[in-house]
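Content type compact mmCIF, C-alpha atoms, from the file model05.txt:
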```
# COMPACT_ATOMS: atom_id res chain seq x y z
CA MET A 381 -99.37 50.35 -8.05
CA ARG A 382 -99.09 47.02 -9.86
CA ARG A 383 -100.15 45.32 -6.64
CA PHE A 384 -103.30 47.44 -6.60
CA LEU A 385 -103.98 46.44 -10.21
CA ALA A 386 -103.25 42.78 -9.69
CA VAL A 387 -105.32 42.47 -6.54
CA HIS A 388 -108.33 44.31 -7.90
CA LEU A 389 -108.39 42.75 -11.36
CA LEU A 390 -106.85 39.30 -11.01
CA LEU A 391 -107.21 37.99 -7.47
CA ALA A 392 -110.87 39.02 -7.30
CA ALA A 393 -111.55 36.69 -10.24
CA ALA A 394 -110.56 33.72 -8.11
CA ASP A 395 -113.43 34.46 -5.74
CA ALA A 396 -116.02 35.26 -8.40
CA ALA A 397 -117.42 31.74 -8.47
CA ASP A 398 -118.29 31.94 -4.79
CA ALA A 399 -120.28 35.13 -5.41
CA ALA A 400 -122.20 33.86 -8.42
CA ASP A 401 -125.40 32.88 -6.61
CA ALA A 402 -126.36 36.34 -5.30
CA ALA A 403 -126.64 39.76 -6.88
CA LYS A 404 -123.54 41.87 -6.56
CA VAL A 405 -123.58 44.92 -4.34
CA LYS A 406 -123.66 48.09 -6.43
CA VAL A 407 -121.08 50.57 -5.18
CA GLN A 408 -120.78 54.05 -6.69
CA LEU A 409 -118.06 56.50 -5.73
CA PHE A 410 -118.41 60.17 -6.66
CA ALA A 411 -115.25 62.15 -6.11
CA GLU A 412 -112.85 64.64 -7.67
CA ALA A 413 -109.12 64.97 -8.21
CA GLY A 414 -107.25 66.99 -5.61
CA CYS A 415 -109.89 66.88 -2.88
CA PRO A 416 -108.00 65.84 0.29
CA PHE A 417 -110.89 63.78 1.61
CA CYS A 418 -111.44 62.07 -1.74
CA ARG A 419 -107.77 61.20 -1.89
CA ALA A 420 -107.90 59.80 1.64
CA ALA A 421 -110.97 57.71 0.81
CA ILE A 422 -109.44 56.30 -2.37
CA ALA A 423 -106.13 55.48 -0.68
CA GLY A 424 -107.85 54.12 2.43
CA PRO A 425 -111.27 52.44 2.59
CA VAL A 426 -111.83 52.19 -1.18
CA ASN A 427 -108.42 50.64 -1.74
CA GLN A 428 -108.89 48.34 1.25
CA THR A 429 -112.24 47.13 -0.03
CA LEU A 430 -111.14 46.63 -3.64
CA SER A 431 -107.93 44.96 -2.48
CA THR A 432 -109.83 42.29 -0.57
CA PRO A 433 -110.45 39.70 -3.32
CA SER A 434 -113.48 37.97 -1.83
CA VAL A 435 -115.16 41.31 -1.12
CA ALA A 436 -114.26 42.81 -4.51
CA ALA A 437 -115.86 39.73 -6.08
CA ILE A 438 -119.28 40.59 -4.63
CA MET A 439 -119.16 44.23 -5.76
CA ASP A 440 -120.23 46.03 -8.90
CA PHE A 441 -117.99 49.08 -8.40
CA GLU A 442 -117.89 52.30 -10.41
CA PHE A 443 -116.07 55.57 -9.83
CA PHE A 444 -117.36 58.83 -11.32
CA PRO A 445 -114.61 61.49 -11.49
CA TRP A 446 -116.72 64.64 -11.47
CA GLY A 447 -117.36 65.50 -7.84
CA ASN A 448 -118.45 69.08 -7.14
CA ALA A 449 -117.71 70.51 -10.58
CA TYR A 450 -120.37 72.14 -12.73
CA PHE A 451 -120.96 73.78 -16.08
CA VAL A 452 -122.20 77.36 -16.12
CA THR A 453 -125.80 77.52 -17.35
CA ALA A 454 -128.31 80.29 -17.92
CA GLU A 455 -130.52 79.10 -15.08
CA CYS A 456 -127.89 78.09 -12.53
CA LYS A 457 -125.25 80.70 -13.47
CA GLY A 458 -121.98 80.21 -11.52
CA ALA A 459 -119.38 81.91 -13.73
CA GLY A 460 -116.21 83.20 -12.11
CA GLU A 461 -115.45 82.04 -8.58
CA TYR A 462 -116.71 78.64 -7.47
CA ASP A 463 -120.39 78.88 -6.44
CA LEU A 464 -121.90 76.19 -4.21
CA SER A 465 -125.48 77.19 -5.04
CA ALA A 466 -124.70 76.97 -8.77
CA ARG A 467 -123.24 73.49 -8.26
CA LYS A 468 -126.33 72.29 -6.44
CA CYS A 469 -128.58 73.79 -9.10
CA PHE A 470 -126.53 72.10 -11.82
CA ASN A 471 -126.87 68.68 -10.16
CA GLN A 472 -130.62 69.18 -9.88
CA ARG A 473 -131.11 70.33 -13.47
CA CYS A 474 -128.41 68.41 -15.33
CA GLY A 475 -127.22 65.49 -13.20
CA SER A 476 -128.18 61.87 -12.76
CA GLY A 477 -131.84 60.92 -13.09
CA VAL A 478 -132.89 64.13 -14.84
CA SER A 479 -135.16 63.33 -17.79
CA ASP A 480 -135.50 66.77 -19.38
CA ARG A 481 -132.18 68.60 -19.19
CA PRO A 482 -131.85 72.20 -20.39
CA LYS A 483 -130.05 72.45 -23.75
CA ASP A 484 -127.18 74.43 -22.25
CA CYS A 485 -126.35 71.90 -19.51
CA PHE A 486 -122.94 71.06 -20.95
CA THR A 487 -122.12 73.98 -23.23
CA GLY A 488 -121.03 76.66 -20.77
CA GLY A 489 -117.75 77.14 -18.96
CA LEU A 490 -116.52 74.37 -16.68
CA VAL A 491 -115.91 75.33 -13.03
CA CYS A 492 -114.08 72.98 -10.67
CA GLN A 493 -113.89 73.33 -6.91
CA HIS A 494 -110.09 73.24 -6.81
CA GLY A 495 -109.46 75.20 -9.97
CA GLN A 496 -108.10 74.39 -13.41
CA MET A 497 -105.69 71.71 -12.26
CA GLU A 498 -108.58 69.68 -10.88
CA CYS A 499 -110.51 70.15 -14.14
CA GLU A 500 -107.51 68.83 -16.07
CA ALA A 501 -106.91 65.88 -13.77
CA ASP A 502 -110.61 64.94 -13.77
CA ARG A 503 -110.61 65.02 -17.56
CA TYR A 504 -107.67 62.61 -17.63
CA LEU A 505 -109.50 60.34 -15.18
CA ALA A 506 -112.65 60.44 -17.32
CA CYS A 507 -110.61 59.58 -20.42
CA ALA A 508 -108.85 56.75 -18.61
CA LYS A 509 -112.24 55.40 -17.59
CA SER A 510 -113.51 55.53 -21.18
CA LEU A 511 -110.41 53.69 -22.37
CA ALA A 512 -110.00 51.11 -19.62
CA GLY A 513 -113.40 50.80 -17.97
CA SER A 514 -113.24 49.49 -14.41
CA ASN A 515 -109.55 48.81 -14.94
CA PHE A 516 -108.78 52.51 -14.61
CA MET A 517 -108.77 52.52 -10.79
CA PRO A 518 -105.01 51.89 -10.55
CA PHE A 519 -104.53 54.99 -12.72
CA THR A 520 -106.86 56.95 -10.44
CA HIS A 521 -104.99 55.76 -7.37
CA CYS A 522 -101.68 56.81 -8.93
CA VAL A 523 -102.84 60.29 -9.99
CA GLU A 524 -104.45 61.01 -6.63
CA ALA A 525 -101.39 59.78 -4.73
CA GLY A 526 -99.14 62.12 -6.72
CA TYR A 527 -101.50 65.06 -6.99
CA ASP A 528 -99.40 67.34 -4.76
CA ASN A 529 -96.81 67.26 -7.55
CA TYR A 530 -99.25 67.05 -10.44
CA THR A 531 -97.79 67.37 -13.95
CA LYS A 532 -98.47 65.78 -17.33
CA ALA A 533 -95.37 63.71 -16.65
CA LEU A 534 -97.20 62.23 -13.65
CA VAL A 535 -100.16 61.38 -15.87
CA THR A 536 -97.88 59.67 -18.39
CA ALA A 537 -96.12 57.70 -15.65
CA CYS A 538 -99.43 56.66 -14.10
CA ALA A 539 -100.71 55.53 -17.49
CA ALA A 540 -97.60 53.40 -17.99
CA SER A 541 -97.77 51.82 -14.55
CA SER A 542 -101.50 51.12 -15.03
CA GLU A 543 -101.07 49.66 -18.53
CA ILE A 544 -103.15 52.38 -20.21
CA ASP A 545 -102.04 53.60 -23.64
CA ALA A 546 -100.57 57.05 -22.94
CA GLY A 547 -101.00 58.09 -26.56
CA ALA A 548 -104.67 57.18 -26.61
CA LEU A 549 -105.12 58.93 -23.28
CA ALA A 550 -103.53 62.13 -24.58
CA GLN A 551 -105.62 61.98 -27.76
CA CYS A 552 -108.81 61.61 -25.74
CA PHE A 553 -107.83 64.46 -23.43
CA SER A 554 -107.19 66.90 -26.28
CA GLY A 555 -110.21 66.05 -28.41
CA LYS A 556 -113.95 65.58 -28.56
CA ASP A 557 -113.70 62.19 -26.91
CA GLY A 558 -112.50 64.00 -23.79
CA ASP A 559 -115.52 66.30 -23.90
CA HIS A 560 -117.84 63.30 -24.16
CA ALA A 561 -116.03 61.49 -21.34
CA VAL A 562 -116.35 64.47 -18.99
CA ILE A 563 -120.01 65.04 -19.84
CA ALA A 564 -120.77 61.36 -19.19
CA GLN A 565 -119.44 61.71 -15.64
CA ALA A 566 -121.40 64.94 -15.09
CA MET A 567 -124.62 63.33 -16.30
CA SER A 568 -124.09 60.36 -13.97
CA THR A 569 -123.51 62.41 -10.81
CA PRO A 570 -126.59 62.87 -8.59
CA GLU A 571 -127.41 65.57 -6.08
CA HIS A 572 -125.04 65.16 -3.15
CA PRO A 573 -124.00 67.06 -0.02
CA GLY A 574 -120.29 66.86 -0.76
CA VAL A 575 -117.51 64.50 -1.79
CA PRO A 576 -116.44 61.81 -1.43
CA TYR A 577 -120.00 60.60 -1.87
CA ILE A 578 -120.50 56.84 -1.82
CA LEU A 579 -123.67 54.89 -2.56
CA VAL A 580 -124.10 51.22 -1.70
CA ASN A 581 -127.14 49.83 -3.51
CA GLY A 582 -128.37 53.41 -3.81
CA LYS A 583 -128.00 54.22 -0.12
CA ALA A 584 -125.51 56.86 0.97
CA VAL A 585 -122.64 55.72 3.16
CA GLU A 586 -122.29 58.32 5.91
CA GLN A 587 -118.58 57.74 6.44
CA PRO A 588 -116.17 56.40 3.79
CA ASN A 589 -114.51 54.31 6.50
CA ASP A 590 -117.75 52.31 6.69
CA LEU A 591 -117.59 51.18 3.05
CA LEU A 592 -116.34 47.66 3.70
CA LYS A 593 -118.86 47.14 6.48
CA GLU A 594 -121.74 48.42 4.34
CA VAL A 595 -120.80 46.22 1.38
CA CYS A 596 -120.68 43.17 3.62
CA LYS A 597 -124.03 44.07 5.21
CA ALA A 598 -125.69 44.65 1.84
CA TYR A 599 -124.68 41.35 0.28
CA LYS A 600 -127.55 38.83 0.28
CA GLY A 601 -125.48 35.75 -0.39
CA GLU A 602 -123.07 33.94 1.84
CA VAL A 603 -120.91 36.67 3.33
CA PRO A 604 -117.22 36.23 2.53
CA LYS A 605 -115.10 35.14 5.45
CA ALA A 606 -113.00 38.26 4.96
CA CYS A 607 -115.95 40.40 6.02
CA HIS A 608 -115.93 39.09 9.56
CA GLY A 609 -112.39 40.06 10.39
CA LEU A 610 -112.05 43.12 8.19
CA MET A 611 -115.24 44.79 9.38
CA GLU A 612 -113.68 44.94 12.82
CA SER A 613 -110.37 46.29 11.52
CA VAL A 614 -111.78 49.28 9.63
CA ALA A 615 -110.23 52.41 11.09
CA ALA A 616 -112.38 54.09 13.68
CA GLY A 617 -113.29 57.74 13.47
CA SER A 618 -115.02 59.93 10.94
CA MET A 619 -113.96 61.46 7.67
CA VAL A 620 -115.38 64.80 6.56
CA PHE A 621 -116.19 65.75 2.96
CA TYR A 622 -115.97 68.73 0.64
CA ALA A 623 -119.31 70.44 0.04
```

Before we go any further, please render this structure as structure tokens.
Amino acid sequence: MRRFLAVHLLLAAADAADAADAAKVKVQLFAEAGCPFCRAAIAGPVNQTLSTPSVAAIMDFEFFPWGNAYFVTAECKGAGEYDLSARKCFNQRCGSGVSDRPKDCFTGGLVCQHGQMECEADRYLACAKSLAGSNFMPFTHCVEAGYDNYTKALVTACAASSEIDAGALAQCFSGKDGDHAVIAQAMSTPEHPGVPYILVNGKAVEQPNDLLKEVCKAYKGEVPKACHGLMESVAAGSMVFYA
């Protein structure tokens, strides 16, 4: 875990000067806690890309821990069992890029695809993001890796290993700051077919395994040497997503 943190946050800085002359590639990851395919993407291609210093240096990366969740609204409904049509309606009416959201977008019940445990874990991820910014990815990696045995003790251990204040995290989770953190992720999530959903400069990446390749292709400056070898080493095959 500390290696993930050190590589992403410290080693990438050594390559930042080489990437200064061109705009960074904007990478957005939309995913949710507990989703098997999200966990595989975070542990695999996302980790690989962020752990390559020269490639991480040319990226403007952000993870939005909301995924396929939704709030129940008068128009979209969706109370009770998880409802795919309600989720899609919610994204259209309340998600990213919507200029005139209904007043009840974020006041109804919260429904998560994998149940209450996912809702809780996503809230912790949103709080960690609000506290640590981009530095919260090691925490995300830790929680997702241990999700099969998810407990609050896991969250506390992941906070400690990721150098996030566990007390501040718990306070955010149990209070209004947690509500605001969750809503911020919901408001930032666009319409999407399923998760993990990855955008590179606004363009959807069809397969998470293609992330490294797409970042290298999208960069307009001198392509890092790491791109040449690593693009060829990305695992072949496809990865499905949760609708």

Task: Closest of A:Cys607, A:Met439, A:Ala540, A:Met567 to A:Gln408 - atom-to-atom distances counting all atoms listed in the file - done: A:Met439

Task: Two-atom distance - atom CA of A:Leu409, atom CA of A:Ala537 (Å) - done: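 Calculated distance between atom CA of A:Leu409 and atom CA of A:Ala537 is 24.1 Å.
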
Open item on the list: Would you compute the distance between atom CA of A:Pro573 and atom CA of A:Pro482? Give it in Å to one decimal.
Closed with: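 If I compute the distance from atom CA of A:Pro573 to atom CA of A:Pro482, I get 22.4 Å.
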
Task: Within 6 Å of file point (-126.5, 62.0, -8.7), counting all atoms listed in the file, expressed as number ranges by chain - done: A: 475-476, 569-571

Can you list every residue of stretch 425-530 of chain A that has an atom at most 12 Å from stretch 541-549 of chain A, with its nearest atom pair and the distance in Å to one decimal, using only C-alpha atoms, ordered by chain then number, as a tab-separated table?
```
residue	atom	partner	partner_atom	distance
A:Ala501	CA	A:Leu549	CA	11.9
A:Arg503	CA	A:Leu549	CA	10.0
A:Tyr504	CA	A:Leu549	CA	7.2
A:Leu505	CA	A:Leu549	CA	9.3
A:Ala506	CA	A:Leu549	CA	9.7
A:Cys507	CA	A:Leu549	CA	6.2
A:Ala508	CA	A:Leu549	CA	6.4
A:Lys509	CA	A:Leu549	CA	9.8
A:Ser510	CA	A:Leu549	CA	9.3
A:Leu511	CA	A:Leu549	CA	7.5
A:Ala512	CA	A:Ile544	CA	7.0
A:Gly513	CA	A:Ile544	CA	10.6
A:Ser514	CA	A:Ser542	CA	11.9
A:Asn515	CA	A:Ser542	CA	8.4
A:Phe516	CA	A:Ser542	CA	7.4
A:Met517	CA	A:Ser542	CA	8.5
A:Pro518	CA	A:Ser542	CA	5.7
A:Phe519	CA	A:Ser542	CA	5.4
A:Thr520	CA	A:Ser542	CA	9.2
A:His521	CA	A:Ser542	CA	9.6
A:Cys522	CA	A:Ser542	CA	8.3
A:Val523	CA	A:Ser542	CA	10.5
```

May I have the selected residues written with C-alpha atoms, as an mmCIF file, in the frame of the given file?
```cif
data_model
loop_
_atom_site.group_PDB
_atom_site.id
_atom_site.type_symbol
_atom_site.label_atom_id
_atom_site.label_comp_id
_atom_site.auth_asym_id
_atom_site.auth_seq_id
_atom_site.Cartn_x
_atom_site.Cartn_y
_atom_site.Cartn_z
ATOM 1 C CA ALA A 501 -106.910 65.880 -13.770
ATOM 2 C CA ARG A 503 -110.610 65.020 -17.560
ATOM 3 C CA TYR A 504 -107.670 62.610 -17.630
ATOM 4 C CA LEU A 505 -109.500 60.340 -15.180
ATOM 5 C CA ALA A 506 -112.650 60.440 -17.320
ATOM 6 C CA CYS A 507 -110.610 59.580 -20.420
ATOM 7 C CA ALA A 508 -108.850 56.750 -18.610
ATOM 8 C CA LYS A 509 -112.240 55.400 -17.590
ATOM 9 C CA SER A 510 -113.510 55.530 -21.180
ATOM 10 C CA LEU A 511 -110.410 53.690 -22.370
ATOM 11 C CA ALA A 512 -110.000 51.110 -19.620
ATOM 12 C CA GLY A 513 -113.400 50.800 -17.970
ATOM 13 C CA SER A 514 -113.240 49.490 -14.410
ATOM 14 C CA ASN A 515 -109.550 48.810 -14.940
ATOM 15 C CA PHE A 516 -108.780 52.510 -14.610
ATOM 16 C CA MET A 517 -108.770 52.520 -10.790
ATOM 17 C CA PRO A 518 -105.010 51.890 -10.550
ATOM 18 C CA PHE A 519 -104.530 54.990 -12.720
ATOM 19 C CA THR A 520 -106.860 56.950 -10.440
ATOM 20 C CA HIS A 521 -104.990 55.760 -7.370
ATOM 21 C CA CYS A 522 -101.680 56.810 -8.930
ATOM 22 C CA VAL A 523 -102.840 60.290 -9.990
#
```

TODO: Pick out the closest residue to A:Arg467 from this set: A:Ala437, A:Ala411, A:Ala420, A:Val452. Count all atoms listed in the file.
DONE: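 That would be A:Val452, the residue with the smallest distance to A:Arg467.
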
With only C-alpha atoms as the counted atoms, please give the residues lying no more than 8 Å from A:Pro588, apart from itself and same-chain residues fewer than 3 positions off, as a compact mmCIF listing (two decimals) with C-alpha atoms, in the coordinates of the input.
```txt
# COMPACT_ATOMS: atom_id res chain seq x y z
CA ALA A 421 -110.97 57.71 0.81
CA PRO A 425 -111.27 52.44 2.59
CA VAL A 426 -111.83 52.19 -1.18
CA PRO A 576 -116.44 61.81 -1.43
CA ILE A 578 -120.50 56.84 -1.82
CA VAL A 585 -122.64 55.72 3.16
CA LEU A 591 -117.59 51.18 3.05
CA MET A 619 -113.96 61.46 7.67
```

- [ ] Grab the atom CA of A:Ser431 to atom CA of A:Gln493 distance for me, in Å with one decimal place.
- [x]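 Going from atom CA of A:Ser431 over to atom CA of A:Gln493 covers 29.3 Å.
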
Starting from 6 Å padding per side, set up an axis-aligned box that covers all listed atoms of stretch 465-480 of chain A and hand over centre and edge lengths in Å, one decimal, as AutoDock Vina command-line options.
```
--center_x -129.4 --center_y 69.1 --center_z -12.2 --size_x 24.3 --size_y 28.3 --size_z 26.3
```

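Considering all atoms listed in the file, the residue among A:Ala566, A:Ala533, A:Ala402, A:Ala606 positioned nearest to A:Cys492 is A:Ala566.
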
Task: Distance query 12 Å from (-129.5, 68.0, -16.4) using only C-alpha atoms, result as a ChimeraX atom specification - done: /A:450-453,455-456,467-487,563-571

Take the residues just selected and output them with C-alpha atoms as a PDB file, in the coordinates of the input.
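Okay, part_13.pdb is ready:
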```pdb
ATOM      1  CA  TYR A 450    -120.370  72.140 -12.730  1.00  0.00           C
ATOM      2  CA  PHE A 451    -120.960  73.780 -16.080  1.00  0.00           C
ATOM      3  CA  VAL A 452    -122.200  77.360 -16.120  1.00  0.00           C
ATOM      4  CA  THR A 453    -125.800  77.520 -17.350  1.00  0.00           C
ATOM      5  CA  GLU A 455    -130.520  79.100 -15.080  1.00  0.00           C
ATOM      6  CA  CYS A 456    -127.890  78.090 -12.530  1.00  0.00           C
ATOM      7  CA  ARG A 467    -123.240  73.490  -8.260  1.00  0.00           C
ATOM      8  CA  LYS A 468    -126.330  72.290  -6.440  1.00  0.00           C
ATOM      9  CA  CYS A 469    -128.580  73.790  -9.100  1.00  0.00           C
ATOM     10  CA  PHE A 470    -126.530  72.100 -11.820  1.00  0.00           C
ATOM     11  CA  ASN A 471    -126.870  68.680 -10.160  1.00  0.00           C
ATOM     12  CA  GLN A 472    -130.620  69.180  -9.880  1.00  0.00           C
ATOM     13  CA  ARG A 473    -131.110  70.330 -13.470  1.00  0.00           C
ATOM     14  CA  CYS A 474    -128.410  68.410 -15.330  1.00  0.00           C
ATOM     15  CA  GLY A 475    -127.220  65.490 -13.200  1.00  0.00           C
ATOM     16  CA  SER A 476    -128.180  61.870 -12.760  1.00  0.00           C
ATOM     17  CA  GLY A 477    -131.840  60.920 -13.090  1.00  0.00           C
ATOM     18  CA  VAL A 478    -132.890  64.130 -14.840  1.00  0.00           C
ATOM     19  CA  SER A 479    -135.160  63.330 -17.790  1.00  0.00           C
ATOM     20  CA  ASP A 480    -135.500  66.770 -19.380  1.00  0.00           C
ATOM     21  CA  ARG A 481    -132.180  68.600 -19.190  1.00  0.00           C
ATOM     22  CA  PRO A 482    -131.850  72.200 -20.390  1.00  0.00           C
ATOM     23  CA  LYS A 483    -130.050  72.450 -23.750  1.00  0.00           C
ATOM     24  CA  ASP A 484    -127.180  74.430 -22.250  1.00  0.00           C
ATOM     25  CA  CYS A 485    -126.350  71.900 -19.510  1.00  0.00           C
ATOM     26  CA  PHE A 486    -122.940  71.060 -20.950  1.00  0.00           C
ATOM     27  CA  THR A 487    -122.120  73.980 -23.230  1.00  0.00           C
ATOM     28  CA  ILE A 563    -120.010  65.040 -19.840  1.00  0.00           C
ATOM     29  CA  ALA A 564    -120.770  61.360 -19.190  1.00  0.00           C
ATOM     30  CA  GLN A 565    -119.440  61.710 -15.640  1.00  0.00           C
ATOM     31  CA  ALA A 566    -121.400  64.940 -15.090  1.00  0.00           C
ATOM     32  CA  MET A 567    -124.620  63.330 -16.300  1.00  0.00           C
ATOM     33  CA  SER A 568    -124.090  60.360 -13.970  1.00  0.00           C
ATOM     34  CA  THR A 569    -123.510  62.410 -10.810  1.00  0.00           C
ATOM     35  CA  PRO A 570    -126.590  62.870  -8.590  1.00  0.00           C
ATOM     36  CA  GLU A 571    -127.410  65.570  -6.080  1.00  0.00           C
TER      37      GLU A 571
END
```

Task: Test item: residues at most 7 Å from A:Lys404, only C-alpha atoms, excluding those fewer than 4 positions along its chain, as an MDAnalysis selection string - done: chainID A and resid 438:440 599

TODO: Quick one: everything within 8 Å of A:Pro604, counting all atoms listed in the file, minus sequence neighbours fewer than 6 positions away in the same chain. Send it as number ranges by chain.
DONE: A: 434-435, 596

Please produce a file of the residues just selected, as a CSV table (one decimal), keeping the file's coordinate frame, where the atoms kept are C-alpha atoms.
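Listed below is the output, part_2.csv:
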```csv
chain,number,residue,atom,x,y,z
A,434,SER,CA,-113.5,38.0,-1.8
A,435,VAL,CA,-115.2,41.3,-1.1
A,596,CYS,CA,-120.7,43.2,3.6
```
